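A.B. asks: Okay, so here is target_21.cif, and as you'll see once you scroll down, it has mmCIF, C-alpha atoms and all ligand atoms.
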data_input
loop_
_atom_site.label_atom_id
_atom_site.label_comp_id
_atom_site.auth_asym_id
_atom_site.auth_seq_id
_atom_site.Cartn_x
_atom_site.Cartn_y
_atom_site.Cartn_z
CA MET A 1 -168.03 -32.84 -104.26
CA GLU A 2 -169.84 -30.36 -102.06
CA GLU A 3 -173.56 -31.04 -101.54
CA GLN A 4 -175.99 -28.52 -103.00
CA PHE A 5 -178.35 -26.87 -100.56
CA SER A 6 -181.56 -27.84 -102.32
CA LYS A 7 -185.06 -26.42 -101.97
CA GLU A 8 -186.22 -29.73 -100.54
CA ILE A 9 -183.71 -29.45 -97.70
CA ILE A 10 -184.75 -25.84 -97.10
CA MET A 11 -188.45 -26.64 -97.06
CA ASP A 12 -187.91 -29.59 -94.74
CA ALA A 13 -185.99 -27.31 -92.38
CA LEU A 14 -188.61 -24.56 -92.53
CA ALA A 15 -191.28 -27.12 -91.73
CA GLY A 16 -189.62 -27.27 -88.32
CA VAL A 17 -190.08 -23.56 -87.57
CA MET A 18 -193.17 -21.98 -86.04
CA ALA A 19 -194.07 -18.31 -86.12
CA PRO A 20 -194.53 -16.78 -82.66
CA GLY A 21 -197.96 -17.64 -81.33
CA ALA A 22 -198.70 -20.00 -84.24
CA THR A 23 -199.89 -23.54 -83.76
CA ILE A 24 -198.60 -24.89 -87.05
CA ASP A 25 -195.28 -24.54 -88.83
CA LEU A 26 -194.37 -21.88 -91.41
CA VAL A 27 -194.71 -24.18 -94.40
CA SER A 28 -198.07 -25.61 -93.38
CA ASP A 29 -199.60 -22.23 -92.60
CA GLY A 30 -198.55 -20.83 -95.99
CA SER A 31 -196.14 -18.24 -94.58
CA ILE A 32 -193.32 -19.23 -96.95
CA ARG A 33 -193.76 -17.01 -99.98
CA LYS A 34 -190.70 -17.91 -102.00
CA VAL A 35 -187.52 -19.95 -101.73
CA ALA A 36 -184.57 -19.48 -104.05
CA THR A 37 -181.23 -21.23 -103.81
CA CYS A 38 -178.24 -21.17 -106.08
CA ASP A 39 -174.68 -22.16 -105.37
CA GLY A 40 -174.96 -21.59 -101.63
CA TYR A 41 -176.88 -18.29 -101.92
CA VAL A 42 -180.26 -18.72 -100.30
CA THR A 43 -183.22 -16.34 -100.23
CA VAL A 44 -186.38 -17.04 -98.27
CA ASP A 45 -189.40 -14.74 -98.43
CA VAL A 46 -191.66 -15.08 -95.41
CA ALA A 47 -194.95 -13.43 -94.56
CA MET A 48 -194.51 -10.82 -91.86
CA PRO A 49 -195.71 -12.31 -88.57
CA LYS A 50 -198.92 -10.83 -87.18
CA ASP A 51 -196.92 -9.18 -84.47
CA ALA A 52 -194.20 -7.40 -86.49
CA ALA A 53 -192.12 -7.00 -83.33
CA GLN A 54 -191.56 -10.75 -83.45
CA ARG A 55 -189.82 -10.68 -86.80
CA ASP A 56 -186.29 -10.67 -85.38
CA ALA A 57 -187.03 -13.73 -83.28
CA LEU A 58 -188.55 -15.45 -86.29
CA GLU A 59 -185.58 -14.55 -88.48
CA ARG A 60 -183.24 -15.99 -85.85
CA ALA A 61 -185.25 -19.21 -85.67
CA ILE A 62 -185.25 -19.59 -89.46
CA THR A 63 -181.53 -18.82 -89.75
CA GLN A 64 -180.68 -21.28 -87.02
CA LYS A 65 -182.76 -24.09 -88.55
CA LEU A 66 -181.30 -23.54 -92.02
CA HIS A 67 -177.74 -23.55 -90.74
CA GLU A 68 -178.46 -26.74 -88.80
CA ALA A 69 -179.90 -28.30 -91.96
CA ALA A 70 -176.86 -27.19 -93.95
CA LYS A 71 -174.58 -28.85 -91.45
CA THR A 72 -176.54 -32.11 -91.42
CA SER A 73 -176.76 -32.27 -95.20
CA GLY A 74 -173.13 -31.38 -95.78
CA ALA A 75 -174.09 -28.35 -97.89
CA ALA A 76 -172.68 -24.88 -97.39
CA ILE A 77 -174.58 -21.61 -97.06
CA LYS A 78 -172.54 -18.71 -98.44
CA GLN A 79 -175.23 -16.12 -97.94
CA LEU A 80 -178.69 -16.31 -96.41
CA LYS A 81 -181.30 -13.61 -96.88
CA VAL A 82 -184.56 -13.83 -94.97
CA MET A 83 -187.00 -11.26 -96.29
CA PHE A 84 -190.32 -10.40 -94.71
CA VAL A 85 -193.17 -9.50 -97.02
CA THR A 86 -195.97 -7.53 -95.48
CA GLU A 87 -198.93 -8.13 -97.72
CA PRO A 88 -199.62 -11.52 -99.18
CA GLU A 89 -198.94 -10.69 -102.80
CA ASN A 90 -202.04 -11.06 -104.84
CA PRO A 91 -200.71 -12.03 -108.21
CA SER A 92 -204.04 -12.83 -109.72
CA PRO A 93 -206.27 -10.12 -111.08
CA GLN A 94 -208.76 -8.91 -108.51
CA PRO A 95 -212.00 -10.82 -108.65
CA PRO A 96 -214.45 -8.77 -110.66
CA PRO A 97 -217.15 -6.93 -108.74
CA ARG A 98 -220.41 -8.81 -108.66
CA GLY A 99 -222.60 -8.12 -111.64
CA SER A 100 -219.71 -6.73 -113.71
CA GLY A 101 -220.23 -9.44 -116.28
CA SER A 102 -216.52 -10.27 -116.54
CA GLU A 103 -215.22 -13.72 -115.76
CA ASP A 104 -212.42 -15.21 -113.69
CA THR A 105 -210.92 -18.65 -114.09
CA SER A 106 -213.31 -20.26 -111.71
CA ALA A 107 -216.18 -19.14 -113.89
CA MET A 108 -214.45 -19.84 -117.17
CA LEU A 109 -212.37 -22.92 -116.43
CA PRO A 110 -214.13 -24.35 -113.41
CA GLY A 111 -212.36 -27.72 -113.50
CA VAL A 112 -208.80 -26.37 -113.79
CA LYS A 113 -206.84 -26.23 -110.54
CA ARG A 114 -203.58 -24.59 -111.60
CA ILE A 115 -202.64 -22.51 -114.62
CA ILE A 116 -198.97 -21.98 -115.42
CA ALA A 117 -197.80 -19.80 -118.29
CA VAL A 118 -194.46 -20.43 -119.97
CA GLY A 119 -192.91 -17.31 -121.43
CA ALA A 120 -189.61 -16.17 -122.89
CA GLY A 121 -188.00 -12.89 -123.80
CA LYS A 122 -187.55 -13.97 -127.39
CA GLY A 123 -188.23 -16.80 -129.81
CA GLY A 124 -186.06 -19.83 -130.37
CA VAL A 125 -184.93 -20.36 -126.78
CA GLY A 126 -186.99 -23.53 -126.47
CA LYS A 127 -190.09 -22.17 -124.75
CA SER A 128 -192.46 -24.54 -126.57
CA THR A 129 -190.13 -27.49 -126.07
CA ILE A 130 -190.02 -26.77 -122.34
CA SER A 131 -193.83 -26.31 -122.19
CA VAL A 132 -194.48 -29.65 -123.87
CA ASN A 133 -191.99 -31.56 -121.78
CA LEU A 134 -193.21 -29.93 -118.58
CA ALA A 135 -196.75 -31.00 -119.44
CA VAL A 136 -195.70 -34.55 -120.26
CA ALA A 137 -193.48 -34.82 -117.16
CA LEU A 138 -196.35 -33.68 -114.91
CA ALA A 139 -198.72 -36.13 -116.60
CA ARG A 140 -196.20 -38.92 -115.99
CA GLN A 141 -196.35 -37.98 -112.30
CA GLY A 142 -200.03 -38.85 -112.38
CA HIS A 143 -201.47 -35.36 -112.84
CA SER A 144 -204.16 -34.56 -115.28
CA VAL A 145 -202.58 -31.98 -117.59
CA GLY A 146 -203.61 -29.75 -120.47
CA ILE A 147 -201.43 -27.68 -122.75
CA LEU A 148 -202.64 -24.64 -124.62
CA ASP A 149 -200.51 -23.37 -127.47
CA ALA A 150 -201.16 -19.66 -127.39
CA ASP A 151 -198.14 -18.79 -129.50
CA ILE A 152 -200.29 -17.22 -132.14
CA TYR A 153 -197.30 -15.87 -134.03
CA GLY A 154 -195.64 -19.25 -134.55
CA PRO A 155 -197.54 -22.16 -133.06
CA SER A 156 -195.27 -25.17 -132.77
CA LEU A 157 -197.39 -27.61 -130.80
CA PRO A 158 -198.75 -29.35 -133.91
CA THR A 159 -195.16 -30.39 -134.68
CA LEU A 160 -193.96 -30.99 -131.13
CA LEU A 161 -196.97 -33.14 -130.28
CA GLY A 162 -197.28 -34.78 -133.70
CA LEU A 163 -200.78 -33.47 -134.32
CA ASP A 164 -200.40 -33.47 -138.10
CA GLY A 165 -203.36 -35.06 -139.80
CA LEU A 166 -205.64 -34.50 -136.79
CA GLU A 167 -208.45 -32.01 -137.17
CA PRO A 168 -210.16 -30.20 -134.31
CA THR A 169 -213.79 -31.06 -133.67
CA MET A 170 -216.57 -29.08 -132.03
CA HIS A 171 -219.13 -30.56 -129.70
CA ASP A 172 -221.89 -28.45 -128.15
CA ASN A 173 -220.07 -25.38 -129.41
CA ARG A 174 -216.97 -26.44 -127.48
CA LEU A 175 -213.60 -27.22 -129.06
CA GLN A 176 -212.63 -30.78 -128.25
CA VAL A 177 -209.05 -31.25 -127.03
CA PHE A 178 -206.55 -33.58 -128.68
CA TYR A 179 -205.58 -36.32 -126.27
CA VAL A 180 -201.95 -37.17 -127.02
CA HIS A 181 -198.94 -38.49 -125.06
CA GLY A 182 -201.01 -38.49 -121.87
CA VAL A 183 -201.96 -34.80 -122.08
CA LYS A 184 -204.88 -32.81 -123.43
CA ALA A 185 -203.82 -30.29 -126.04
CA MET A 186 -205.29 -27.40 -127.97
CA THR A 187 -203.42 -25.16 -130.34
CA ILE A 188 -204.19 -22.08 -132.35
CA GLY A 189 -202.10 -23.77 -135.05
CA LYS A 190 -204.99 -26.09 -135.77
CA LEU A 191 -207.43 -23.26 -136.24
CA VAL A 192 -205.50 -21.36 -138.87
CA ASP A 193 -203.99 -22.31 -142.19
CA PRO A 194 -200.36 -23.21 -141.36
CA GLU A 195 -199.13 -21.83 -144.68
CA LYS A 196 -200.63 -18.41 -144.05
CA PRO A 197 -198.35 -15.89 -142.40
CA LEU A 198 -199.78 -15.04 -139.03
CA ILE A 199 -199.88 -11.29 -138.95
CA TRP A 200 -202.02 -11.08 -135.85
CA ARG A 201 -202.28 -7.60 -134.56
CA GLY A 202 -203.13 -6.73 -130.97
CA PRO A 203 -206.93 -6.98 -131.13
CA MET A 204 -206.81 -10.18 -133.17
CA ALA A 205 -204.36 -11.71 -130.73
CA HIS A 206 -206.71 -10.79 -127.91
CA GLY A 207 -209.69 -12.35 -129.68
CA ALA A 208 -207.81 -15.48 -130.70
CA PHE A 209 -206.60 -16.17 -127.18
CA LYS A 210 -209.98 -15.41 -125.68
CA GLN A 211 -211.67 -17.80 -128.07
CA LEU A 212 -209.14 -20.56 -127.40
CA ALA A 213 -209.36 -20.21 -123.63
CA GLU A 214 -213.13 -19.88 -123.55
CA GLN A 215 -214.21 -22.45 -126.07
CA THR A 216 -211.89 -25.35 -125.32
CA ASP A 217 -213.45 -28.17 -123.38
CA TRP A 218 -210.65 -28.95 -120.89
CA GLY A 219 -212.75 -30.86 -118.38
CA GLU A 220 -210.99 -31.53 -115.07
CA LEU A 221 -207.29 -30.60 -114.96
CA ASP A 222 -204.65 -30.42 -112.25
CA TYR A 223 -202.45 -28.27 -114.49
CA LEU A 224 -203.03 -26.19 -117.57
CA ILE A 225 -199.75 -25.15 -119.19
CA ILE A 226 -199.98 -22.13 -121.48
CA ASP A 227 -197.27 -21.74 -124.10
CA LEU A 228 -197.19 -17.97 -124.64
CA PRO A 229 -195.87 -16.11 -127.66
CA PRO A 230 -192.30 -14.84 -127.13
CA GLY A 231 -191.75 -11.31 -125.90
CA THR A 232 -194.09 -8.95 -124.20
CA GLY A 233 -197.26 -8.57 -126.24
CA ASP A 234 -201.01 -8.57 -125.98
CA VAL A 235 -201.60 -12.23 -125.24
CA PRO A 236 -200.12 -12.18 -121.72
CA LEU A 237 -202.26 -9.14 -120.94
CA THR A 238 -205.44 -10.85 -122.14
CA MET A 239 -204.46 -13.96 -120.24
CA ALA A 240 -203.90 -12.03 -117.01
CA GLN A 241 -207.27 -10.32 -117.39
CA MET A 242 -209.16 -13.51 -118.15
CA LEU A 243 -207.60 -16.24 -116.08
CA LYS A 244 -206.61 -16.70 -112.51
CA MET A 245 -202.97 -17.65 -112.96
CA THR A 246 -200.95 -19.75 -110.55
CA GLY A 247 -197.75 -18.30 -111.98
CA ALA A 248 -195.35 -18.01 -114.88
CA VAL A 249 -192.12 -19.75 -115.80
CA VAL A 250 -189.54 -17.86 -117.87
CA VAL A 251 -187.31 -19.86 -120.21
CA CYS A 252 -183.91 -18.46 -121.04
CA THR A 253 -180.67 -19.61 -122.66
CA PRO A 254 -177.48 -18.82 -120.75
CA GLN A 255 -175.88 -16.13 -122.95
CA LYS A 256 -176.11 -12.46 -122.05
CA VAL A 257 -178.31 -11.28 -124.94
CA ALA A 258 -180.93 -13.87 -124.03
CA ARG A 259 -180.81 -12.95 -120.37
CA ASP A 260 -181.53 -9.27 -121.04
CA ASP A 261 -184.70 -10.25 -122.94
CA ALA A 262 -185.69 -12.69 -120.23
CA ILE A 263 -185.46 -9.96 -117.59
CA ARG A 264 -187.98 -7.95 -119.63
CA ALA A 265 -190.31 -10.97 -119.64
CA VAL A 266 -189.95 -11.30 -115.86
CA ARG A 267 -190.79 -7.62 -115.42
CA MET A 268 -193.82 -7.98 -117.67
CA PHE A 269 -195.25 -10.80 -115.57
CA GLN A 270 -194.59 -8.86 -112.42
CA GLN A 271 -196.41 -5.83 -113.84
CA LEU A 272 -199.32 -8.04 -114.77
CA LYS A 273 -199.31 -9.26 -111.16
CA ILE A 274 -198.55 -12.79 -112.28
CA ASP A 275 -196.31 -14.58 -109.83
CA VAL A 276 -192.99 -15.58 -111.45
CA LEU A 277 -192.35 -19.16 -110.33
CA GLY A 278 -188.77 -19.00 -111.58
CA ILE A 279 -186.33 -19.37 -114.46
CA VAL A 280 -185.47 -22.43 -116.53
CA GLU A 281 -182.10 -22.45 -118.28
CA ASN A 282 -182.49 -24.22 -121.60
CA MET A 283 -179.60 -25.32 -123.83
CA SER A 284 -177.48 -25.07 -120.72
CA VAL A 285 -174.69 -27.30 -122.07
CA PHE A 286 -174.45 -29.38 -125.20
CA VAL A 287 -174.29 -33.09 -124.51
CA GLY A 288 -172.75 -35.01 -127.41
CA ASP A 289 -173.52 -38.59 -128.37
CA ASP A 290 -170.30 -39.50 -126.63
CA GLY A 291 -171.85 -38.15 -123.41
CA LYS A 292 -169.28 -35.34 -123.26
CA GLU A 293 -170.51 -31.89 -122.21
CA TYR A 294 -169.65 -28.78 -124.21
CA ASP A 295 -170.25 -25.44 -122.56
CA ILE A 296 -171.32 -23.51 -125.66
CA PHE A 297 -173.50 -20.68 -124.37
CA GLY A 298 -171.89 -20.25 -120.96
CA ARG A 299 -173.70 -22.58 -118.62
CA GLY A 300 -175.08 -21.03 -115.46
CA GLY A 301 -175.87 -17.61 -116.94
CA ALA A 302 -179.60 -17.94 -116.42
CA GLU A 303 -179.08 -19.39 -112.96
CA LEU A 304 -177.02 -16.38 -112.02
CA MET A 305 -179.70 -14.10 -113.38
CA ALA A 306 -182.36 -15.90 -111.34
CA GLN A 307 -180.28 -15.45 -108.26
CA ARG A 308 -179.75 -11.75 -108.90
CA LEU A 309 -183.47 -11.25 -109.41
CA GLY A 310 -184.21 -13.20 -106.24
CA LEU A 311 -186.16 -15.74 -108.26
CA PRO A 312 -186.14 -19.50 -107.91
CA PHE A 313 -183.98 -21.40 -110.41
CA LEU A 314 -186.05 -24.21 -111.81
CA GLY A 315 -183.35 -26.26 -113.48
CA ALA A 316 -180.97 -26.50 -116.40
CA VAL A 317 -181.96 -28.48 -119.48
CA PRO A 318 -179.06 -29.50 -121.73
CA LEU A 319 -178.99 -29.19 -125.50
CA THR A 320 -179.21 -32.74 -126.74
CA MET A 321 -179.57 -34.34 -130.12
CA SER A 322 -182.31 -36.62 -128.82
CA LEU A 323 -184.47 -33.74 -127.53
CA ARG A 324 -184.28 -32.02 -130.91
CA GLN A 325 -185.08 -35.28 -132.73
CA HIS A 326 -188.02 -36.18 -130.49
CA SER A 327 -189.34 -32.61 -130.82
CA ASP A 328 -189.18 -32.71 -134.62
CA ALA A 329 -190.81 -36.14 -134.64
CA GLY A 330 -193.55 -35.12 -132.20
CA THR A 331 -192.72 -37.92 -129.76
CA PRO A 332 -192.09 -36.23 -126.40
CA LEU A 333 -192.61 -39.41 -124.38
CA LYS A 334 -189.33 -40.70 -125.79
CA ASN A 335 -187.55 -37.97 -123.80
CA PHE A 336 -188.55 -39.94 -120.71
CA ALA A 337 -187.20 -43.29 -121.83
CA LYS A 338 -184.88 -44.84 -119.28
CA SER A 339 -181.53 -44.04 -120.89
CA ASP A 340 -182.49 -40.74 -122.53
CA ALA A 341 -179.90 -37.99 -122.04
CA THR A 342 -182.46 -35.26 -121.25
CA LYS A 343 -184.75 -37.27 -118.93
CA PRO A 344 -183.15 -36.42 -115.55
CA ALA A 345 -183.06 -32.68 -116.30
CA LEU A 346 -186.66 -32.61 -117.54
CA GLU A 347 -187.94 -34.54 -114.54
CA ASN A 348 -186.02 -32.34 -112.14
CA MET A 349 -187.39 -29.20 -113.81
CA ALA A 350 -190.99 -30.46 -113.52
CA LYS A 351 -190.41 -31.28 -109.87
CA GLN A 352 -189.06 -27.79 -109.13
CA ILE A 353 -191.95 -26.14 -110.96
CA GLU A 354 -194.45 -28.27 -109.09
CA MET A 355 -192.90 -27.26 -105.82
CA GLN A 356 -192.95 -23.56 -106.67
CA ALA A 357 -196.56 -23.93 -107.84
CA ASP A 358 -197.39 -25.42 -104.42
CA LEU A 359 -195.85 -22.38 -102.77
CA ALA A 360 -197.60 -19.97 -105.14
CA GLN A 361 -200.87 -21.67 -104.39
CA GLY A 362 -200.26 -20.96 -100.73
CA ARG A 363 -199.63 -17.31 -101.55
CA VAL A 364 -202.88 -16.73 -103.37
CA GLY A 365 -204.93 -19.04 -101.22
CA ALA A 366 -206.51 -22.19 -102.46
CA GLN A 367 -207.92 -21.94 -105.94
CA GLY A 368 -210.11 -24.91 -105.48
CA PRO A 369 -213.75 -24.59 -104.53
CA LYS A 370 -214.58 -21.08 -103.39
CA LEU A 371 -216.95 -20.13 -100.62
CA VAL A 372 -219.25 -17.46 -101.89
CA VAL A 373 -221.19 -15.53 -99.30
CA ASN A 374 -224.12 -13.61 -100.68
P1 LIG A 401 -189.43 -21.33 -128.91
O1 LIG A 401 -190.75 -21.87 -128.50
O2 LIG A 401 -188.72 -20.62 -127.81
O3 LIG A 401 -189.47 -20.51 -130.17
P2 LIG A 401 -188.84 -24.07 -129.61
O4 LIG A 401 -189.26 -24.80 -128.39
O5 LIG A 401 -189.74 -24.12 -130.79
O6 LIG A 401 -188.46 -22.57 -129.25
O7 LIG A 401 -187.39 -24.63 -129.97
C1 LIG A 401 -186.66 -24.19 -131.10
C2 LIG A 401 -185.87 -25.36 -131.66
O8 LIG A 401 -184.85 -25.74 -130.76
C3 LIG A 401 -186.71 -26.59 -131.91
O9 LIG A 401 -186.24 -27.22 -133.07
C4 LIG A 401 -186.41 -27.48 -130.71
O10 LIG A 401 -186.52 -28.83 -131.02
C5 LIG A 401 -184.99 -27.11 -130.40
N1 LIG A 401 -184.66 -27.23 -128.99
C6 LIG A 401 -185.16 -26.50 -127.97
N2 LIG A 401 -184.59 -26.84 -126.80
C7 LIG A 401 -183.70 -27.83 -127.09
C8 LIG A 401 -182.77 -28.61 -126.31
N3 LIG A 401 -182.63 -28.43 -125.00
N4 LIG A 401 -182.05 -29.57 -126.95
C9 LIG A 401 -182.17 -29.73 -128.28
N5 LIG A 401 -182.98 -29.03 -129.07
C10 LIG A 401 -183.75 -28.08 -128.49
#
As structure tokens, what does this structure read like?
C.D. replies:
Amino acid sequence: MEEQFSKEIIMDALAGVMAPGATIDLVSDGSIRKVATCDGYVTVDVAMPKDAAQRDALERAITQKLHEAAKTSGAAIKQLKVMFVTEPENPSPQPPPRGSGSEDTSAMLPGVKRIIAVGAGKGGVGKSTISVNLAVALARQGHSVGILDADIYGPSLPTLLGLDGLEPTMHDNRLQVFYVHGVKAMTIGKLVDPEKPLIWRGPMAHGAFKQLAEQTDWGELDYLIIDLPPGTGDVPLTMAQMLKMTGAVVVCTPQKVARDDAIRAVRMFQQLKIDVLGIVENMSVFVGDDGKEYDIFGRGGAELMAQRLGLPFLGAVPLTMSLRQHSDAGTPLKNFAKSDATKPALENMAKQIEMQADLAQGRVGAQGPKLVVN
């Protein structure tokens, strides 16, 4: 079987290229803005070199290195696009002017290094399932991870994390997180009566999200995963205004109707100036107990869409009986048991998202401690 030209191979190769006049390589100096690869089609977004006249030389150097890497790894490049971006995109909302009274993440969530939103064009595609398993997979890698269920229309974290019977507590006017399965969790589902229909209108959605984000005591976190409501509503807007986002992941099932909705979600994030880290294809194939794969929804549809949009593909998660059972039972750690059918796909997805988050971090500049000059 032909080798796939993976992002790791591409990044390794790019780490061997220097921009003209630079003293460190393109990856180390943060010039690589985005890398997408699918089925031999490769797109690399690179910051325009200081001297724009050097771009052709740089493009040649990149192309040469990637072709060399393809040869060595036994993978094939069918098409390579090197795109130069002039301005470092600034996906996060502009820092508020001094004295404006509004907050950014560093003021509001000072101990949180990276914030990743998980969105979807519509409900039922597995957005919450992916959020939970991403959080758990990152925690298993040794990161300190929080997950915020902001799906105010249909919060599912209480079920997926098995929070039934647990009640939220306040300490010093701060909501205390639930510490479960190695992650810290907070959900709007615990703050409202689960039997009551949630007819949150725009302003209420805004207030509910604001309260959750502001009042939860997250402490120190490497990653905060935000499970957004499906579609394009008020919560993402509030989130973009309040928090300094690292980026967003869009979850999509392979069939065409789902893809059209997912494209709208991608556009929404882009309009909100939130960096789209890429697309996850959920329910990619059905894997039966016999281990046989059934291509129900048309595997690869979301991957194709990612490629067309020039976005990274973050992995395909199969539809498995065990994932559904562990979700219903609120036992996500079982998805990472040695012989579990979904484990490799979930771990790969988390790895891809981590890598894209690294790149996004480079694009916006470090979000760690900030130097403030008065
Ligand atoms: P959303 O958040 O998009 O509305 P959920 O994550 O709540 O969707 O998932 C909907 C249902 O589908 C849940 O019962 C969940 O367990 C199930 N599910 C999601 N993804 C998978 C998968 N890959 N394999 C099996 N069941 C899945």
A.B. asks: Which residues are close to Asp234 in chain A, i.e. within 12 Å by only C-alpha atoms, leaving aside same-chain residues fewer than 6 positions away? Reply as a ChimeraX atom specification.
C.D. replies: /A:150-153,200-210,228,240-241,268,272
A.B. asks: Around ligand LIG 401 (chain A), at most 7 Å away and counting all atoms listed in the file, which residues are there? Put them as a list in words, please.
C.D. replies: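 Final answer, ordered by chain and number: Ala120, Lys122, Gly123, Gly124, Val125, Gly126, Lys127, Ser128, Thr129, Ile130, Ser156, Pro230, Asn282, Met283, Val317, Pro318, Leu319, Thr320, Met321, Ser322, Leu323, Arg324, Gln325, Ser327 and Asp328 of chain A.
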A.B. asks: Nearest to Met349 in chain A among A:Met305, A:Asn133, A:Gly146, A:Gln270, with distances taken over all atoms listed in the file: which residue is it?
C.D. replies: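 Using all atoms listed in the file, the shortest distance to Met349 in chain A belongs to A:Asn133.
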A.B. asks: In file coordinates, which residues lie within 7 Å of (-178.9, -19.4, -121.7) using all atoms listed in the file, given as a PDB file with C-alpha atoms, in the coordinates of the input?
C.D. replies:
ATOM      1  CA  CYS A 252    -183.910 -18.460-121.040  1.00  0.00           C
ATOM      2  CA  THR A 253    -180.670 -19.610-122.660  1.00  0.00           C
ATOM      3  CA  PRO A 254    -177.480 -18.820-120.750  1.00  0.00           C
ATOM      4  CA  GLN A 255    -175.880 -16.130-122.950  1.00  0.00           C
ATOM      5  CA  ALA A 258    -180.930 -13.870-124.030  1.00  0.00           C
ATOM      6  CA  ARG A 259    -180.810 -12.950-120.370  1.00  0.00           C
ATOM      7  CA  GLU A 281    -182.100 -22.450-118.280  1.00  0.00           C
ATOM      8  CA  ASN A 282    -182.490 -24.220-121.600  1.00  0.00           C
ATOM      9  CA  MET A 283    -179.600 -25.320-123.830  1.00  0.00           C
ATOM     10  CA  SER A 284    -177.480 -25.070-120.720  1.00  0.00           C
ATOM     11  CA  PHE A 297    -173.500 -20.680-124.370  1.00  0.00           C
ATOM     12  CA  ARG A 299    -173.700 -22.580-118.620  1.00  0.00           C
ATOM     13  CA  GLY A 301    -175.870 -17.610-116.940  1.00  0.00           C
ATOM     14  CA  ALA A 302    -179.600 -17.940-116.420  1.00  0.00           C
TER      15      ALA A 302
END
A.B. asks: Report, in Å to a single decimal, how far apart CA of Val118 in chain A and CA of Phe269 in chain A are.
C.D. replies: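 Between CA of Phe269 in chain A and CA of Val118 in chain A the gap is 10.6 Å.
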A.B. asks: What would range 223-234 of chain A look like with N, CA, C and O atoms restored, written as an mmCIF file, keeping the file's coordinate frame?
C.D. replies:
data_model
loop_
_atom_site.group_PDB
_atom_site.id
_atom_site.type_symbol
_atom_site.label_atom_id
_atom_site.label_comp_id
_atom_site.auth_asym_id
_atom_site.auth_seq_id
_atom_site.Cartn_x
_atom_site.Cartn_y
_atom_site.Cartn_z
ATOM 1 N N TYR A 223 -203.296 -29.336 -113.945
ATOM 2 C CA TYR A 223 -202.450 -28.270 -114.490
ATOM 3 C C TYR A 223 -202.856 -27.933 -115.906
ATOM 4 O O TYR A 223 -203.067 -28.837 -116.721
ATOM 5 N N LEU A 224 -202.937 -26.639 -116.182
ATOM 6 C CA LEU A 224 -203.030 -26.190 -117.570
ATOM 7 C C LEU A 224 -201.756 -25.383 -117.844
ATOM 8 O O LEU A 224 -201.466 -24.401 -117.156
ATOM 9 N N ILE A 225 -200.982 -25.846 -118.829
ATOM 10 C CA ILE A 225 -199.750 -25.150 -119.190
ATOM 11 C C ILE A 225 -200.047 -24.298 -120.424
ATOM 12 O O ILE A 225 -200.588 -24.808 -121.413
ATOM 13 N N ILE A 226 -199.728 -23.015 -120.338
ATOM 14 C CA ILE A 226 -199.980 -22.130 -121.480
ATOM 15 C C ILE A 226 -198.657 -21.711 -122.114
ATOM 16 O O ILE A 226 -197.819 -21.074 -121.466
ATOM 17 N N ASP A 227 -198.472 -22.106 -123.358
ATOM 18 C CA ASP A 227 -197.270 -21.740 -124.100
ATOM 19 C C ASP A 227 -197.519 -20.379 -124.758
ATOM 20 O O ASP A 227 -198.246 -20.270 -125.734
ATOM 21 N N LEU A 228 -196.930 -19.342 -124.171
ATOM 22 C CA LEU A 228 -197.190 -17.970 -124.640
ATOM 23 C C LEU A 228 -196.350 -17.621 -125.857
ATOM 24 O O LEU A 228 -195.312 -18.237 -126.085
ATOM 25 N N PRO A 229 -196.757 -16.604 -126.604
ATOM 26 C CA PRO A 229 -195.870 -16.110 -127.660
ATOM 27 C C PRO A 229 -194.623 -15.497 -127.008
ATOM 28 O O PRO A 229 -194.700 -15.045 -125.853
ATOM 29 N N PRO A 230 -193.499 -15.458 -127.728
ATOM 30 C CA PRO A 230 -192.300 -14.840 -127.130
ATOM 31 C C PRO A 230 -192.494 -13.340 -126.962
ATOM 32 O O PRO A 230 -193.323 -12.733 -127.639
ATOM 33 N N GLY A 231 -191.736 -12.766 -126.061
ATOM 34 C CA GLY A 231 -191.750 -11.310 -125.900
ATOM 35 C C GLY A 231 -192.885 -10.845 -125.015
ATOM 36 O O GLY A 231 -193.488 -11.619 -124.273
ATOM 37 N N THR A 232 -193.153 -9.571 -125.128
ATOM 38 C CA THR A 232 -194.090 -8.950 -124.200
ATOM 39 C C THR A 232 -195.230 -8.320 -124.991
ATOM 40 O O THR A 232 -195.210 -7.133 -125.271
ATOM 41 N N GLY A 233 -196.207 -9.096 -125.364
ATOM 42 C CA GLY A 233 -197.260 -8.570 -126.240
ATOM 43 C C GLY A 233 -198.632 -8.566 -125.603
ATOM 44 O O GLY A 233 -198.772 -8.466 -124.378
ATOM 45 N N ASP A 234 -199.638 -8.697 -126.452
ATOM 46 C CA ASP A 234 -201.010 -8.570 -125.980
ATOM 47 C C ASP A 234 -201.558 -9.828 -125.322
ATOM 48 O O ASP A 234 -202.443 -9.758 -124.487
#
